[in-house]
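K.L.:
Sharing protein-v3.tsv below, TSV, C-alpha atoms:
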chain	number	residue	atom	x	y	z
S	1	MET	CA	126.17	65.23	-40.84
S	2	THR	CA	128.77	66.68	-38.47
S	3	VAL	CA	127.80	70.12	-37.22
S	4	SER	CA	130.34	72.74	-36.15
S	5	LEU	CA	129.32	74.18	-32.79
S	6	THR	CA	130.74	77.33	-31.18
S	7	TRP	CA	129.59	78.41	-27.74
S	8	VAL	CA	129.80	82.20	-27.53
S	9	ASP	CA	129.05	84.58	-24.67
S	10	ALA	CA	127.62	87.74	-26.23
S	11	PHE	CA	127.41	91.33	-24.99
S	12	THR	CA	130.30	90.78	-22.61
S	13	ASP	CA	134.10	90.97	-22.66
S	14	ARG	CA	134.60	87.99	-20.35
S	15	PRO	CA	133.65	84.31	-20.33
S	16	PHE	CA	130.54	83.37	-18.35
S	17	GLY	CA	129.05	86.86	-18.64
S	18	GLY	CA	126.49	88.20	-21.09
S	19	ASN	CA	124.25	85.74	-22.86
S	20	PRO	CA	125.45	82.37	-24.15
S	21	ALA	CA	124.50	81.35	-27.66
S	22	ALA	CA	125.33	78.16	-29.52
S	23	VAL	CA	126.27	78.84	-33.13
S	24	CYS	CA	126.05	75.99	-35.63
S	25	LEU	CA	127.99	76.77	-38.81
S	26	LEU	CA	126.53	74.62	-41.59
S	27	GLU	CA	127.23	73.96	-45.23
S	28	GLN	CA	123.57	73.17	-45.93
S	29	PRO	CA	120.35	73.53	-43.95
S	30	LEU	CA	119.31	70.99	-41.35
S	31	PRO	CA	115.73	69.71	-41.06
S	32	GLU	CA	113.69	71.97	-38.81
S	33	ALA	CA	112.95	69.17	-36.34
S	34	ARG	CA	116.68	68.51	-35.91
S	35	MET	CA	117.40	72.19	-35.30
S	36	GLN	CA	114.70	72.34	-32.65
S	37	SER	CA	115.98	69.13	-31.06
S	38	LEU	CA	119.52	70.50	-30.93
S	39	ALA	CA	118.30	73.73	-29.33
S	40	PHE	CA	116.38	71.73	-26.74
S	41	GLU	CA	119.39	69.51	-26.04
S	42	LEU	CA	121.70	72.48	-25.54
S	43	GLY	CA	119.16	74.15	-23.28
S	44	ILE	CA	120.35	77.76	-23.54
S	45	SER	CA	118.30	80.74	-24.60
S	46	GLU	CA	119.18	80.59	-28.30
S	47	THR	CA	120.88	78.30	-30.77
S	48	ALA	CA	121.72	79.90	-34.13
S	49	PHE	CA	122.00	78.03	-37.43
S	50	VAL	CA	124.12	79.75	-40.09
S	51	VAL	CA	124.19	78.65	-43.73
S	52	PRO	CA	126.13	80.41	-46.55
S	53	THR	CA	123.96	81.72	-49.37
S	54	GLY	CA	126.65	81.46	-52.04
S	55	THR	CA	127.24	85.22	-52.04
S	56	ALA	CA	130.33	86.44	-50.22
S	57	ASP	CA	129.67	87.53	-46.63
S	58	GLU	CA	125.97	86.68	-46.80
S	59	TYR	CA	124.27	83.96	-44.76
S	60	ASP	CA	120.88	82.56	-43.94
S	61	LEU	CA	120.30	82.65	-40.19
S	62	ARG	CA	117.66	81.05	-37.97
S	63	TRP	CA	117.30	81.10	-34.18
S	64	PHE	CA	115.71	78.55	-31.86
S	65	THR	CA	115.02	78.65	-28.13
S	66	PRO	CA	114.69	75.28	-26.40
S	67	ALA	CA	110.95	75.51	-27.14
S	68	VAL	CA	110.32	77.44	-30.38
S	69	GLU	CA	111.83	79.16	-33.40
S	70	ILE	CA	111.85	82.94	-32.95
S	71	ASP	CA	111.69	85.86	-35.37
S	72	LEU	CA	114.51	88.04	-34.03
S	73	CYS	CA	117.49	87.57	-31.73
S	74	GLY	CA	120.25	90.07	-31.12
S	75	HIS	CA	122.76	88.21	-28.99
S	76	ALA	CA	122.75	85.10	-31.18
S	77	THR	CA	123.26	87.28	-34.28
S	78	LEU	CA	126.23	88.96	-32.62
S	79	ALA	CA	127.49	85.50	-31.60
S	80	SER	CA	127.11	84.26	-35.19
S	81	ALA	CA	129.26	87.10	-36.54
S	82	HIS	CA	131.83	86.41	-33.82
S	83	ALA	CA	131.90	82.67	-34.63
S	84	LEU	CA	132.36	83.32	-38.36
S	85	ARG	CA	135.36	85.51	-37.55
S	86	HIS	CA	136.69	83.04	-34.97
S	87	HIS	CA	136.70	80.22	-37.54
S	88	GLY	CA	138.19	82.35	-40.32
S	89	ARG	CA	135.05	82.27	-42.46
S	90	SER	CA	134.93	86.07	-42.16
S	91	ASP	CA	137.97	88.31	-42.42
S	92	GLY	CA	136.66	90.46	-39.56
S	93	VAL	CA	136.61	93.49	-41.86
S	94	ALA	CA	133.77	93.07	-44.34
S	95	THR	CA	130.23	93.69	-43.05
S	96	LEU	CA	128.16	90.51	-42.86
S	97	THR	CA	124.56	90.24	-44.01
S	98	PHE	CA	122.21	87.73	-42.41
S	99	HIS	CA	118.95	86.83	-44.14
S	100	THR	CA	116.34	86.11	-41.46
S	101	ARG	CA	112.63	85.98	-40.72
S	102	SER	CA	112.97	89.67	-39.78
S	103	GLY	CA	114.61	90.65	-43.07
S	104	ALA	CA	118.23	91.44	-43.82
S	105	LEU	CA	120.31	92.17	-40.72
S	106	ARG	CA	123.89	93.40	-40.86
S	107	ALA	CA	126.84	92.95	-38.53
S	108	ALA	CA	129.89	95.23	-38.80
S	109	PHE	CA	133.20	94.77	-37.01
S	110	VAL	CA	134.06	98.01	-35.20
S	111	GLY	CA	137.21	97.69	-33.11
S	112	GLU	CA	136.57	95.22	-30.31
S	113	ARG	CA	132.81	95.43	-30.81
S	114	ILE	CA	130.41	93.96	-33.30
S	115	GLU	CA	127.66	96.40	-34.33
S	116	LEU	CA	124.30	95.03	-35.42
S	117	ASP	CA	121.93	96.94	-37.69
S	118	PHE	CA	118.38	96.01	-36.66
S	119	PRO	CA	114.90	97.38	-37.43
S	120	ALA	CA	113.38	99.74	-34.89
S	121	ASP	CA	110.30	98.43	-33.08
S	122	PRO	CA	108.69	101.50	-31.44
S	123	VAL	CA	106.81	101.24	-28.17
S	124	GLU	CA	103.13	102.14	-27.98
S	125	ALA	CA	101.41	103.10	-24.74
S	126	ALA	CA	99.19	100.35	-23.37
S	127	THR	CA	97.34	99.46	-20.20
S	128	LEU	CA	99.35	97.47	-17.68
S	129	PRO	CA	98.43	93.82	-18.38
S	130	GLU	CA	95.98	92.51	-15.81
S	131	PRO	CA	98.26	89.63	-14.65
S	132	LEU	CA	100.93	92.20	-13.69
S	133	VAL	CA	98.68	94.52	-11.72
S	134	GLY	CA	99.88	94.67	-8.14
S	135	GLN	CA	103.43	93.53	-8.82
S	136	TRP	CA	104.64	97.09	-8.25
S	137	ALA	CA	103.15	99.97	-6.29
S	138	ALA	CA	101.23	102.08	-8.79
S	139	HIS	CA	103.34	105.18	-8.19
S	140	HIS	CA	106.50	103.29	-9.27
S	141	VAL	CA	105.10	102.44	-12.75
S	142	LEU	CA	105.87	105.38	-15.03
S	143	GLU	CA	104.50	103.77	-18.17
S	144	SER	CA	103.17	100.53	-19.60
S	145	ALA	CA	103.69	99.86	-23.31
S	146	ARG	CA	103.68	97.24	-26.03
S	147	THR	CA	105.90	96.51	-29.01
S	148	GLY	CA	105.76	93.92	-31.74
S	149	HIS	CA	107.44	91.40	-29.44
S	150	TYR	CA	107.27	92.63	-25.86
S	151	ALA	CA	105.13	93.93	-23.05
S	152	VAL	CA	107.13	96.79	-21.49
S	153	VAL	CA	106.92	98.21	-17.97
S	154	VAL	CA	108.88	101.40	-17.21
S	155	LEU	CA	109.70	101.90	-13.52
S	156	ASP	CA	110.95	104.98	-11.70
S	157	ASP	CA	113.98	103.41	-10.01
S	158	PRO	CA	116.71	101.16	-11.45
S	159	GLU	CA	116.96	99.31	-8.13
S	160	LEU	CA	113.36	98.15	-8.58
S	161	VAL	CA	114.46	96.54	-11.85
S	162	ARG	CA	117.44	94.89	-10.17
S	163	ASP	CA	115.41	93.62	-7.22
S	164	TYR	CA	112.29	92.49	-9.11
S	165	GLN	CA	111.19	88.98	-8.18
S	166	PRO	CA	109.28	87.78	-11.25
S	167	ASP	CA	106.03	85.89	-10.99
S	168	LEU	CA	106.62	83.66	-14.01
S	169	GLY	CA	103.05	82.36	-13.98
S	170	ALA	CA	101.70	85.91	-14.21
S	171	ILE	CA	104.20	86.82	-16.92
S	172	ALA	CA	103.22	83.72	-18.92
S	173	ALA	CA	99.58	84.88	-18.74
S	174	VAL	CA	100.46	88.17	-20.48
S	175	ASP	CA	99.63	88.19	-24.19
S	176	ALA	CA	103.23	88.81	-25.31
S	177	LYS	CA	106.28	86.78	-26.16
S	178	ALA	CA	108.20	88.32	-23.25
S	179	LEU	CA	108.13	91.03	-20.60
S	180	VAL	CA	110.71	93.84	-20.43
S	181	VAL	CA	111.12	95.75	-17.16
S	182	THR	CA	113.23	98.90	-17.54
S	183	ALA	CA	114.22	102.16	-15.85
S	184	ALA	CA	116.56	105.07	-16.43
S	185	GLY	CA	120.04	104.68	-14.96
S	186	ALA	CA	120.82	106.05	-11.52
S	187	PRO	CA	120.95	109.89	-11.46
S	188	GLY	CA	124.44	111.18	-12.10
S	189	SER	CA	125.78	107.84	-13.32
S	190	ASP	CA	128.52	107.97	-15.91
S	191	ALA	CA	127.38	105.97	-18.91
S	192	GLU	CA	130.97	105.47	-20.05
S	193	SER	CA	132.07	103.85	-16.81
S	194	ALA	CA	131.79	100.17	-16.02
S	195	SER	CA	129.22	100.90	-13.32
S	196	GLY	CA	127.07	103.45	-15.12
S	197	ALA	CA	124.27	103.15	-17.65
S	198	ASP	CA	121.76	105.38	-19.38
S	199	TYR	CA	119.10	102.76	-18.78
S	200	VAL	CA	118.76	99.29	-17.29
S	201	LEU	CA	116.52	96.37	-18.12
S	202	ARG	CA	115.60	92.77	-17.45
S	203	VAL	CA	113.71	90.43	-19.80
S	204	PHE	CA	111.48	87.46	-18.93
S	205	GLY	CA	110.16	85.04	-21.55
S	206	PRO	CA	108.53	81.94	-20.07
S	207	ASN	CA	106.21	81.82	-23.10
S	208	VAL	CA	109.22	81.09	-25.35
S	209	GLY	CA	111.04	78.81	-22.92
S	210	ILE	CA	113.32	81.46	-21.34
S	211	ASP	CA	112.50	82.33	-17.74
S	212	GLU	CA	115.00	85.22	-17.75
S	213	ASP	CA	117.14	86.20	-20.72
S	214	PRO	CA	120.67	87.24	-19.67
S	215	ALA	CA	121.15	89.73	-22.53
S	216	THR	CA	118.59	90.76	-25.13
S	217	GLY	CA	119.71	92.63	-28.22
S	218	SER	CA	116.28	92.69	-29.84
S	219	ALA	CA	114.75	94.55	-26.86
S	220	GLN	CA	117.00	97.52	-27.67
S	221	CYS	CA	115.10	97.96	-30.96
S	222	SER	CA	112.37	99.38	-28.74
S	223	LEU	CA	114.16	100.63	-25.64
S	224	GLY	CA	116.87	102.45	-27.58
S	225	PRO	CA	114.47	104.83	-29.35
S	226	TYR	CA	112.32	105.13	-26.21
S	227	TRP	CA	115.17	106.15	-23.91
S	228	ALA	CA	116.94	108.27	-26.54
S	229	SER	CA	113.78	110.37	-26.71
S	230	ALA	CA	113.13	110.36	-22.96
S	231	LEU	CA	116.71	111.24	-22.01
S	232	GLY	CA	117.63	113.40	-25.02
S	233	ARG	CA	120.71	111.33	-25.83
S	234	PRO	CA	121.60	110.13	-29.35
S	235	SER	CA	123.65	107.15	-28.15
S	236	LEU	CA	123.13	105.14	-25.01
S	237	VAL	CA	124.67	102.46	-22.84
S	238	ALA	CA	122.28	99.82	-21.51
S	239	HIS	CA	122.98	97.41	-18.68
S	240	GLN	CA	120.94	94.24	-18.51
S	241	LEU	CA	120.74	93.39	-14.81
S	242	SER	CA	120.54	89.62	-15.13
S	243	ALA	CA	122.67	87.41	-12.90
S	244	ARG	CA	125.29	87.17	-15.67
S	245	GLY	CA	125.12	90.89	-16.54
S	246	ALA	CA	125.50	92.47	-19.98
S	247	VAL	CA	126.49	95.78	-21.57
S	248	LEU	CA	124.91	96.98	-24.83
S	249	HIS	CA	125.75	100.14	-26.77
S	250	VAL	CA	122.66	101.43	-28.55
S	251	THR	CA	122.29	104.13	-31.22
S	252	PRO	CA	118.86	104.75	-32.80
S	253	ARG	CA	119.04	105.76	-36.48
S	254	GLY	CA	115.53	106.50	-37.67
S	255	ASP	CA	113.82	103.25	-38.57
S	256	ARG	CA	116.96	101.27	-37.67
S	257	VAL	CA	118.86	100.77	-34.43
S	258	ALA	CA	122.57	100.02	-34.05
S	259	ILE	CA	123.25	97.61	-31.18
S	260	ALA	CA	126.89	96.92	-30.38
S	261	GLY	CA	128.80	94.77	-27.93
S	262	GLN	CA	131.65	92.39	-27.47
S	263	ALA	CA	131.69	88.59	-27.47
S	264	VAL	CA	134.01	85.80	-26.36
S	265	THR	CA	134.35	82.16	-27.41
S	266	VAL	CA	133.91	79.70	-24.54
S	267	PHE	CA	134.49	76.52	-26.53
S	268	ALA	CA	134.26	75.14	-30.06
S	269	GLY	CA	133.71	71.59	-31.24
S	270	GLU	CA	131.51	69.32	-33.30
S	271	LEU	CA	128.11	67.73	-32.89
S	272	CYS	CA	127.82	64.28	-34.43
Let me see the file written as structure tokens.

P.N.:
Amino acid sequence: MTVSLTWVDAFTDRPFGGNPAAVCLLEQPLPEARMQSLAFELGISETAFVVPTGTADEYDLRWFTPAVEIDLCGHATLASAHALRHHGRSDGVATLTFHTRSGALRAAFVGERIELDFPADPVEAATLPEPLVGQWAAHHVLESARTGHYAVVVLDDPELVRDYQPDLGAIAAVDAKALVVTAAGAPGSDAESASGADYVLRVFGPNVGIDEDPATGSAQCSLGPYWASALGRPSLVAHQLSARGAVLHVTPRGDRVAIAGQAVTVFAGELC
């Protein structure tokens, strides 16, 4: 069966920024082994498989890293909505609903951005995992926490996040799917400018086959509520300080979090 493939860079307004996702638009599901093999072959952080449910603007959606199927992915969901619009399968007006392992997720088209509606995943204070002890001077670690998906380390300086040299072996020894390192934005930064952010982050997931994730929508389900409370701001701009860079607009709404960003198509074709 021929598979439509769209390569999308998500949470960016330019090609080769943000996080690439491969979106496979299907008419019927593929066998799980084939989906995993395709994700491995493509070799990027996530490959999304989108299948219509038979109800207008509703789709089944699954995400695979090169190594495993995952429960929640923000950038590949945003990329899926973008690809459906790019190929004319969505009118770019109606809100899309994706049925996933994490429940129903929605994507709305808001101007140049796509806004995702995801479940909040609050952080809970936790001891710094033993494999990470010593990676930062103790006085730079403001808090260590856990979520349903991540180990989280909050640092006192955004430049420490930017400059962090990850010990992937130590991170892999942490009992979590991935590690998030985060800090508040630089004092006095303008969150509306291209260079400013309310908070910054980096994400490392060697346990799921992703050494460093360029842009991570799902992490904002935790960091958005955390930083909204810490900074007293209802809406925030996050910068992911990966080599590719990414900008995410985050608005906590009770037990849900809105995560918005732009996306661009890099290429589209077919897999045989």

K.L.:
Leaving out region 193-209 of chain S and any residue of its chain fewer than 4 positions from it, which residues lie within 7 Å of it when counting all atoms listed in the file, given as a PDB file with C-alpha atoms, in the frame of the given file?

P.N.:
ATOM      1  CA  THR S  65     115.020  78.650 -28.130  1.00  0.00           C
ATOM      2  CA  PRO S  66     114.690  75.280 -26.400  1.00  0.00           C
ATOM      3  CA  ALA S  67     110.950  75.510 -27.140  1.00  0.00           C
ATOM      4  CA  VAL S  68     110.320  77.440 -30.380  1.00  0.00           C
ATOM      5  CA  PRO S 158     116.710 101.160 -11.450  1.00  0.00           C
ATOM      6  CA  VAL S 161     114.460  96.540 -11.850  1.00  0.00           C
ATOM      7  CA  LEU S 168     106.620  83.660 -14.010  1.00  0.00           C
ATOM      8  CA  ALA S 172     103.220  83.720 -18.920  1.00  0.00           C
ATOM      9  CA  LYS S 177     106.280  86.780 -26.160  1.00  0.00           C
ATOM     10  CA  ALA S 178     108.200  88.320 -23.250  1.00  0.00           C
ATOM     11  CA  LEU S 179     108.130  91.030 -20.600  1.00  0.00           C
ATOM     12  CA  VAL S 180     110.710  93.840 -20.430  1.00  0.00           C
ATOM     13  CA  VAL S 181     111.120  95.750 -17.160  1.00  0.00           C
ATOM     14  CA  THR S 182     113.230  98.900 -17.540  1.00  0.00           C
ATOM     15  CA  ALA S 183     114.220 102.160 -15.850  1.00  0.00           C
ATOM     16  CA  ALA S 184     116.560 105.070 -16.430  1.00  0.00           C
ATOM     17  CA  GLY S 185     120.040 104.680 -14.960  1.00  0.00           C
ATOM     18  CA  SER S 189     125.780 107.840 -13.320  1.00  0.00           C
ATOM     19  CA  ASP S 213     117.140  86.200 -20.720  1.00  0.00           C
ATOM     20  CA  LEU S 236     123.130 105.140 -25.010  1.00  0.00           C
ATOM     21  CA  VAL S 237     124.670 102.460 -22.840  1.00  0.00           C
ATOM     22  CA  ALA S 238     122.280  99.820 -21.510  1.00  0.00           C
ATOM     23  CA  HIS S 239     122.980  97.410 -18.680  1.00  0.00           C
ATOM     24  CA  GLN S 240     120.940  94.240 -18.510  1.00  0.00           C
ATOM     25  CA  LEU S 241     120.740  93.390 -14.810  1.00  0.00           C
ATOM     26  CA  SER S 242     120.540  89.620 -15.130  1.00  0.00           C
TER      27      SER S 242
END

K.L.:
Report the distance between CA of Val141 (chain S) and CA of Val257 (chain S) in Å, rounded to one decimal place.

P.N.:
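Going from CA of Val141 (chain S) over to CA of Val257 (chain S), I get 25.7 Å.
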
K.L.:
For Leu30 (chain S), find every residue with an atom within 9 Å (counting all atoms listed in the file), except residues of its own chain fewer than 3 positions away, and show them as a list in words.

P.N.:
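What passes the distance filter is Met1, Leu26, Ala33, Arg34, Met35 and Phe49 of chain S.
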
K.L.:
Nearest to Ile70 (chain S) among S:Ser229, S:Gln165, S:Ser45, S:Thr147, with distances taken over all atoms listed in the file: which residue is it?

P.N.:
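Smallest separation from Ile70 (chain S) among the options: S:Ser45.
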
K.L.:
I want to know what sits within 9 Å of Ala258 (chain S), based on all atoms listed in the file, with residues of the same chain fewer than 4 positions away left out; could you give that as a VMD selection string?

P.N.:
chain S and resid 115 to 119 220 to 221 224 249 to 253

K.L.:
Restricting the calculation to all atoms listed in the file: of S:Ala81, S:Ala48, S:Leu128, S:Leu155, which residue gets closest to His140 (chain S)?

P.N.:
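The shortest atom-to-atom distance to His140 (chain S) comes from S:Leu155.
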
K.L.:
Looking at S:Val93, S:Val153, S:Ala230, S:Leu105, which one is nearest to Leu78 (chain S), with distances taken over all atoms listed in the file?

P.N.:
S:Leu105

K.L.:
How big is the axis-aligned box, and where does its centre sit, when it encloses all atoms of region 264-269 of chain S listed in the file and has 3 Å added on every side, reported in Å to one decimal as AutoDock Vina command-line options?

P.N.:
--center_x 134.1 --center_y 78.7 --center_z -27.9 --size_x 6.8 --size_y 20.2 --size_z 12.7

K.L.:
What does the distance from CA of Cys24 (chain S) to CA of Tyr150 (chain S) come to in Å, to one decimal?

P.N.:
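Spanning CA of Cys24 (chain S) to CA of Tyr150 (chain S) is a straight-line distance of 26.9 Å.
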
K.L.:
Using only C-alpha atoms, which of the listed residues (S:Glu69, S:Asp60, S:Glu112, S:Glu27) sits closest to Ala260 (chain S)?

P.N.:
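Ranked by minimum distance to Ala260 (chain S), first place goes to S:Glu112.
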
K.L.:
If I take CA of Val174 (chain S) and CA of Leu132 (chain S), how far is one from the other in Å, to one decimal?

P.N.:
7.9 Å

K.L.:
When distances are computed from only C-alpha atoms, which of S:Leu231, S:Asp167, S:Thr2, S:Leu96 shows the smallest separation from Glu212 (chain S)?

P.N.:
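Checking each candidate against Glu212 (chain S), we get S:Asp167 as the closest.
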
K.L.:
Name all residues at most 7 Å from Ala145 (chain S) (count all atoms listed in the file; drop same-chain ones fewer than 3 positions away) and give them as a list of chain:residue names.

P.N.:
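Counting only the stated atoms, we get S:Val123, S:Glu124, S:Ala125, S:Ala126, S:Ala151, S:Val152, S:Val153.
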
K.L.:
Using all atoms listed in the file, determine which residues lie at most 12 Å from Val266 (chain S), disregarding the query and same-chain residues fewer than 4 positions distant; provide the list as a ChimeraX atom specification.

P.N.:
/S:5-10,12-23,79,82-83,86

K.L.:
Closest to Ala76 (chain S) among S:Ser144, S:Gln135, S:Thr47, S:Gln28, using all atoms listed in the file?

P.N.:
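Of S:Ser144, S:Gln135, S:Thr47, S:Gln28, the one nearest Ala76 (chain S), counting all atoms listed in the file, is S:Thr47.
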